[in-house]
Amino acid sequence: MSTSSVSKGCFVFKPSAKKKKTHKKDSLEDYFSHGCEGADNSEVRFKLCQDLWDQIKTDTEVLQDELNRKILDSLLDFTRKCSSTRQHSDWASQMRASEIPTAALVLGVNVPDHDMTFQSLSELLQQSVSPHVASVQAKECGALKHLMKRVLERLMGTVVTVDDEEEEEAEQIQLHKSVHCSLNTLCDWYNTKTKKSNTVSPGKKRSSPVRDDPQQPPVVVIFKDFEAFNPKVLQDFILICSRYIERLPLMFIFGIATSPSTIQHMLPHSVSSLLCIELFQSLSCTQHLATVIDKLILTPHFPFKLNGKVMQVLISIFLYHDFSVRNFIKGVQLALLEHFHSQPLSALCCKKKEALLNVMQLSNSHLERIRHLPSFKRYVEKQEPQEQGNLLTDDAHLKDVCQNLIKDLRKYHKNYYPVLRCLHTLTSSLPRYPLGKQVRELHLICLEKNVWENEDYQTAMKLLKMLAKDELIALLQRCMETLEPVKSKKMKSALVQLKDLLAKLKQLDTVAAETLPCPEDCITSPVKNLQKKTDLFQLQKTLLEMNESRRAKKLSPFEVLRNEALEFMDGLVKSHLSPPETQTLYEVCYYTSSATVRRHLNATPRTSIQAALSSPYYYLQNESLKTEDGTVSNAAPDICIAYKLHLECGRLINLYDWLEAYATVVSAAEGNHPDSEHFGKVEEVKHARFIRSVSELEFLGFIKSTKQKTDHVARLTWGGC
Amino acid sequence: MTALLEHPGYEEQRLRSSAEKLPSRELQAGMLLSLMGQPQQYSYPSVFIYGHRASGKSHVMQVLLKELELPHATVSCVECVSVALLFEQVLLSFFGCDVASLLPRSPSLSDFVRIYRQQCSQTPAKQTRYIVMEKAELLRDTDANLLPALLRLQELVEDNVTVILLSEIVWDKFRPNTGCFEPLLLHFPDYSKAELQQILSQDRHPSYSAEFYSSYINILLGVFYSVCRDLRELRHLAALNFSKFCEPLAEGKVKETDTHKLWRNIEPHLKKAMQTVYLREVSSLQWEQMQQMEEKESGALRGLSAHTHVELPYYSKFLLIAAYLASYNPARTDKRFFLKHHGKIRKTNFLKKNEKTSNHLLGPKPFPLDRLLAIFYSVVDSRVAPTASIFSQISSLVTLQLLTQVSHDDQLDAPKYKCAVSMDFICAISRTVSFDIVKYLYDFL
């Protein structure tokens, strides 16, 4: 593997989506149907895809709001409290009057995810605490001047409402006129603003009843990415703000990605002593992901499913690379789009009623596709010969069967998830987690192959057979709770059985007390024998006998019941947790191309560049470039030849030798005879081409100029020949 | 009690009230007053006042100028991103905002002087005008002509104006090498313990007696004076711990006069607070909550600094580990640590004498990106494709300030980094991926 200093990526912060109203909706559809597999029902699929995505999007947004609710609520309380204590004149708050209240909000390292949190935070603040909220990002505040300008712009801009346009203009003029904006301006503005809301239009401004004190709403400044700020700028800003704290009820919120101790790293004591910092910790992103997977993936509500490999790719990108839930959802979106784009039968991937309707509208070609699906072929092979014939020839019959199969698939999903959760509740508390700590790990195992054939499953079952009674009851109780809301028939009957078992287990307490002593008697007798003097052989024999007798020993009623309960669970697992590949028509719902997802989400630019340079045929698809592996045709582009030749060199490359070698290769390509006069001669054109390819290689970062030796360049990659 | 300030030309009443507001600074205030002379008299062109933080420089100036109602402009040099802002503020407070708007865009010093002269010919000063510049050390970074000009502004504008510079740095560090007008120097010494006691006792709690609060301050100073003499910090500590001090009173266990019992009660809390002095990690509310928690758990004190745990993606952790190794190991030893068959390297040869000094004492060294990646690939246990996201993780580690980029911003030409995390941090990180980092560190061989 070779690596160079060149390919150095960075986070892409996409520009905020601008409103493009001119963009028509159907052009999106055009994109979708362009190059789409089986174009005739692309409209249906496009619509399904969009609906599903909209649903996923709204669901995740709701979910995120719920997850953030706790921390946002506490932040809101904090701001309210701060603004109210300013008015009160008790001793403690007087003592801190000179400090700026600051909330340090620790959000985790996935910086791109924070946008949404801050968005909802500032909306909430504006609704319920104060209309004066400004959030700033580090990249737009390189110098104190800019930071100041942004804060002022956002504060004054947000409050200006439509109905007082005159004032807006006046303010704009003022802002433009005073070339340098200072907090003094802001103070004046704030005073006029608050005064006006008190006197001129008291009714209008107090429309929101939640606001504690309409007289003095705090001015909140949110620093979205605290770490990225230039410390000097931040320090100066805080120093300035503290000068105005008596006139302006300022408040800061720091969005911290790493740990709160960065505050001390960035701000010296003289600055941090001006702040009154309170700490807020948000949910960790792994928990966040677990909830998203729980609500989005492990549910029968969404007909669209990911197979094990795709799930694996998405989860490993999350865990290994970015910790970003937003990117995970984007990955799901990509899979969704790809699925509907490339699979014509995805028209059936929707709600039950629609799916049944869509089955009836399938065209001939689609039915033919169904017949070619591997899962359907397997299904056909299991049928009677006559039925087989019918399925392969009679379209109407096929449609009927398809409807049933779709229904079966739905039932499979309906039963799969509750049983999965039950199994997870049972195994997640076992020592060393044989089937994973998280439900998603178990899900992945189940998607892979029959879970009951897994070794870990056997060990888990063995461990479960050693559970104490109260533990078992508690676990079964929780299983029952997961099964309760499920509406399918099978789950209902399973629930009844489970309840039965639980009742029996609970009854044991009363019954068992009497029957318990008897088995002890039979065990004690051989032990007594043991105490006599015996030889080694005898001892072994008796021990074996004891062992035998213990094994054959009558199980206690609890053990019988425990085995019964576990067998029942085992039966549930075996009947419902078979991998989706065993289901007929699973291709309709499951997206399987993990390679596509990986290629799109986890790009390898270096590998692509190297592939292009070492085997140009891969991209150019020109027959003349086709070669055996490892070699480059001499008709390849100049840069490929230069690249190939440079691989043969050491760390320093003599430019003249390189040129000679290049000229030789190119002459051969031009068809010059090796013995002819001009062979290998460096003429002007060749020279120029060579120079160009060398500078291209330099641009790509494979070489760089060096001062160590004259006429040499240094290689920046290692490896090669 | 406070010695009275006396100076002809000012009202007795005002002098007395300002003296009350300036405890333990009577000497300096008196000195200043005599420098300023009577209001209508010309004063010395520039005065330079220096002293440590929280030694009352700004406070004294502010009180004097406000109480005696002298025309003045107070400017903080931090706020003046450009000189224009400075000029504007001065003109604004002397002549009103109409004049301030006369300044052209990006004004020069001569613009300022021109407008000032023009204005003061219309409204000549009846009293000395004062320009107070806080944090004057920042003036050194502005245009070279600004500081010398300010020092002799009186001459330039031909008006009764005095510039007062406030700084924490001595004048010697200011003097420009071209020479300038020497201002009068005035030093504000640190407060003594008794003075601190007197000042802190002033902000007493309204529902308790002055003696009670003063005895509290006495206890507080007894504990903290040896480590912290910053008035501001002490005031913070006083506010932080007072409620705890009053607790037995509120419960009715002791009387206000029973100092000894109160001392016994508060002492352990102050000891705890001692660990976080100067850190300002938590607000008073969280402090109280934490103290309550600790009473239950009796665990160690945890402030902001204790929350150093950072969750990182798996490969980011390894990148950080690789960066740490690259920063603290000499590049020469990479072969020994990361090559399977590195052959026998003689120990004497390997441990060079001049490298005996711990690399950890010297701090992190810069390393190029390729070395980081080479170590990364040999440290991480699985095969990792060099995907874009691996590289983007390096960038995000830089923005999180766990790595710092030391070379120029040009990404094409072998960027260099330094690892900016501590040993404890990296040990915690490597423990989570079960990687024994100490085995790979040259210093611990």
# chains A, B, ... in the order shown; residues from 1 in each chain; ligands from 1
$ select_by_dssp --residues "range 252-435 of chain A" --states "alpha helix (DSSP H)" --output "PyMOL selection string"
chain A and resi 262-266+269-272+285-296+308-316+325-342+352-360+364-372+374-382+385-393+395-427
$ residues_around --residues "Tyr440 in chain B" --least-positions-apart "2" --cutoff "10 Å" --atoms "only C-alpha atoms" --output "PyMOL selection string"
chain B and resi 325+329+333-334+336-338+379+435-438+442-445
$ write_last_selection --atoms "C-alpha atoms" --output "PDB file, in the first residue's frame"
ATOM      1  CA  LEU B 325       3.734   8.220  18.782  1.00  0.00           C
ATOM      2  CA  ASN B 329       9.267   9.137  19.402  1.00  0.00           C
ATOM      3  CA  THR B 333      13.269   4.583  16.229  1.00  0.00           C
ATOM      4  CA  ASP B 334      10.212   3.885  14.116  1.00  0.00           C
ATOM      5  CA  ARG B 336      12.484  -0.636  15.971  1.00  0.00           C
ATOM      6  CA  PHE B 337       8.859  -0.223  17.001  1.00  0.00           C
ATOM      7  CA  PHE B 338       6.914  -0.908  13.877  1.00  0.00           C
ATOM      8  CA  VAL B 379      -0.741   0.274  14.507  1.00  0.00           C
ATOM      9  CA  PHE B 435      -3.692  -0.832  22.654  1.00  0.00           C
ATOM     10  CA  ASP B 436      -0.717  -0.738  24.995  1.00  0.00           C
ATOM     11  CA  ILE B 437       0.779   2.604  24.077  1.00  0.00           C
ATOM     12  CA  VAL B 438       3.484   2.605  26.732  1.00  0.00           C
ATOM     13  CA  TYR B 442      10.685   5.513  23.418  1.00  0.00           C
ATOM     14  CA  ASP B 443      10.720   7.298  26.739  1.00  0.00           C
ATOM     15  CA  PHE B 444       9.425   4.315  28.621  1.00  0.00           C
ATOM     16  CA  LEU B 445      11.688   1.700  27.147  1.00  0.00           C
TER      17      LEU B 445
END
$ closest_residue --among "A:Thr631, A:Thr291, A:Ser261, A:Gln438" --to "chain B" --atoms "only C-alpha atoms"
A:Ser261
$ residues_around --residues "Val292 in chain A" --least-positions-apart "4" --cutoff "10 Å" --atoms "only C-alpha atoms" --output "PyMOL selection string"
chain A and resi 59-60+63-64+67+286-288+296-298+325+328-329
$ residues_around --residues "range 388-395 of chain B" --least-positions-apart "3" --cutoff "10 Å" --atoms "only C-alpha atoms" --output "PyMOL selection string"
(chain A and resi 6-12+317+320-322+601-606) or (chain B and resi 313+315-317+319-320+323+369+372-373+384-385+398-405+417)
$ write_last_selection --atoms "C-alpha atoms" --output "mmCIF file, in the first residue's frame"
data_model
loop_
_atom_site.group_PDB
_atom_site.id
_atom_site.type_symbol
_atom_site.label_atom_id
_atom_site.label_comp_id
_atom_site.auth_asym_id
_atom_site.auth_seq_id
_atom_site.Cartn_x
_atom_site.Cartn_y
_atom_site.Cartn_z
ATOM 1 C CA VAL A 6 -1.259 14.681 -1.191
ATOM 2 C CA SER A 7 -4.670 13.323 -0.805
ATOM 3 C CA LYS A 8 -5.699 15.244 2.155
ATOM 4 C CA GLY A 9 -9.413 15.469 2.566
ATOM 5 C CA CYS A 10 -11.457 17.752 4.675
ATOM 6 C CA PHE A 11 -14.985 17.944 5.886
ATOM 7 C CA VAL A 12 -17.227 19.296 3.266
ATOM 8 C CA ILE A 317 -18.865 4.001 8.564
ATOM 9 C CA TYR A 320 -15.107 3.757 12.440
ATOM 10 C CA HIS A 321 -15.207 7.049 10.655
ATOM 11 C CA ASP A 322 -17.528 9.825 11.591
ATOM 12 C CA LEU A 601 -20.111 6.982 0.905
ATOM 13 C CA ASN A 602 -16.565 5.960 1.574
ATOM 14 C CA ALA A 603 -14.746 7.056 -1.515
ATOM 15 C CA THR A 604 -11.130 6.180 -2.148
ATOM 16 C CA PRO A 605 -9.753 8.947 -4.337
ATOM 17 C CA ARG A 606 -6.188 7.696 -4.136
ATOM 18 C CA PRO B 313 -14.632 7.192 16.085
ATOM 19 C CA TYR B 315 -10.042 5.122 13.372
ATOM 20 C CA SER B 316 -9.776 8.637 14.792
ATOM 21 C CA LYS B 317 -8.556 7.049 17.996
ATOM 22 C CA LEU B 319 -4.929 8.262 14.150
ATOM 23 C CA LEU B 320 -4.530 10.148 17.384
ATOM 24 C CA ALA B 323 0.101 11.092 15.966
ATOM 25 C CA LEU B 369 1.622 13.396 7.234
ATOM 26 C CA LEU B 372 1.580 9.632 10.662
ATOM 27 C CA LEU B 373 -0.105 7.409 8.104
ATOM 28 C CA VAL B 384 -7.737 0.022 6.161
ATOM 29 C CA ALA B 385 -8.334 1.445 2.739
ATOM 30 C CA VAL B 398 -7.189 19.487 13.734
ATOM 31 C CA THR B 399 -10.392 21.471 14.121
ATOM 32 C CA LEU B 400 -11.040 19.756 17.416
ATOM 33 C CA GLN B 401 -7.604 20.957 18.462
ATOM 34 C CA LEU B 402 -6.392 17.488 19.253
ATOM 35 C CA LEU B 403 -3.791 17.893 16.525
ATOM 36 C CA THR B 404 -2.291 21.165 15.435
ATOM 37 C CA GLN B 405 -1.006 21.930 12.015
ATOM 38 C CA TYR B 417 1.339 18.276 12.460
#
$ closest_residue --among "A:Lys469, A:Glu698, A:Asn634, A:Asp657" --to "Gly671 in chain A" --atoms "only C-alpha atoms"
A:Asn634
$ atom_distance --atom1 "CA of Ala335 in chain A" --atom2 "CA of Val310 in chain A"
8.3 Å
$ atom_distance --atom1 "CA of Arg129 in chain B" --atom2 "CA of Ser24 in chain B"
26.3 Å
$ closest_atom_pairs --of "range 25-98 of chain A" --to "range 224-241 of chain B" --cutoff "8 Å" --atoms "only C-alpha atoms" --output "JSON lines"
{"residue": "A:Ala92", "atom": "CA", "partner": "B:Ala239", "partner_atom": "CA", "distance": 6.5}
{"residue": "A:Met95", "atom": "CA", "partner": "B:Ala239", "partner_atom": "CA", "distance": 6.5}
{"residue": "A:Arg96", "atom": "CA", "partner": "B:His236", "partner_atom": "CA", "distance": 7.8}
$ write_last_selection --atoms "N, CA and C atoms" --output "compact mmCIF listing (two decimals), in the first residue's frame"
# COMPACT_ATOMS: atom_id res chain seq x y z
N ALA A 92 -26.72 37.08 46.21
CA ALA A 92 -25.91 36.18 45.40
C ALA A 92 -25.87 36.64 43.95
N MET A 95 -23.69 39.65 43.47
CA MET A 95 -22.27 39.34 43.47
C MET A 95 -21.81 38.86 42.10
N ARG A 96 -22.71 38.27 41.34
CA ARG A 96 -22.31 37.77 40.03
C ARG A 96 -22.79 38.65 38.89
$ atom_distance --atom1 "CA of Leu107 in chain A" --atom2 "CA of Ile263 in chain A"
14.1 Å
$ closest_residue --among "A:His132, A:Lys139, A:His413, A:Arg421" --to "chain B" --atoms "only C-alpha atoms"
A:Lys139
$ closest_residue --among "B:Ser201, B:Gln28, B:Ser396, B:Ser108" --to "chain A" --atoms "only C-alpha atoms"
B:Ser396
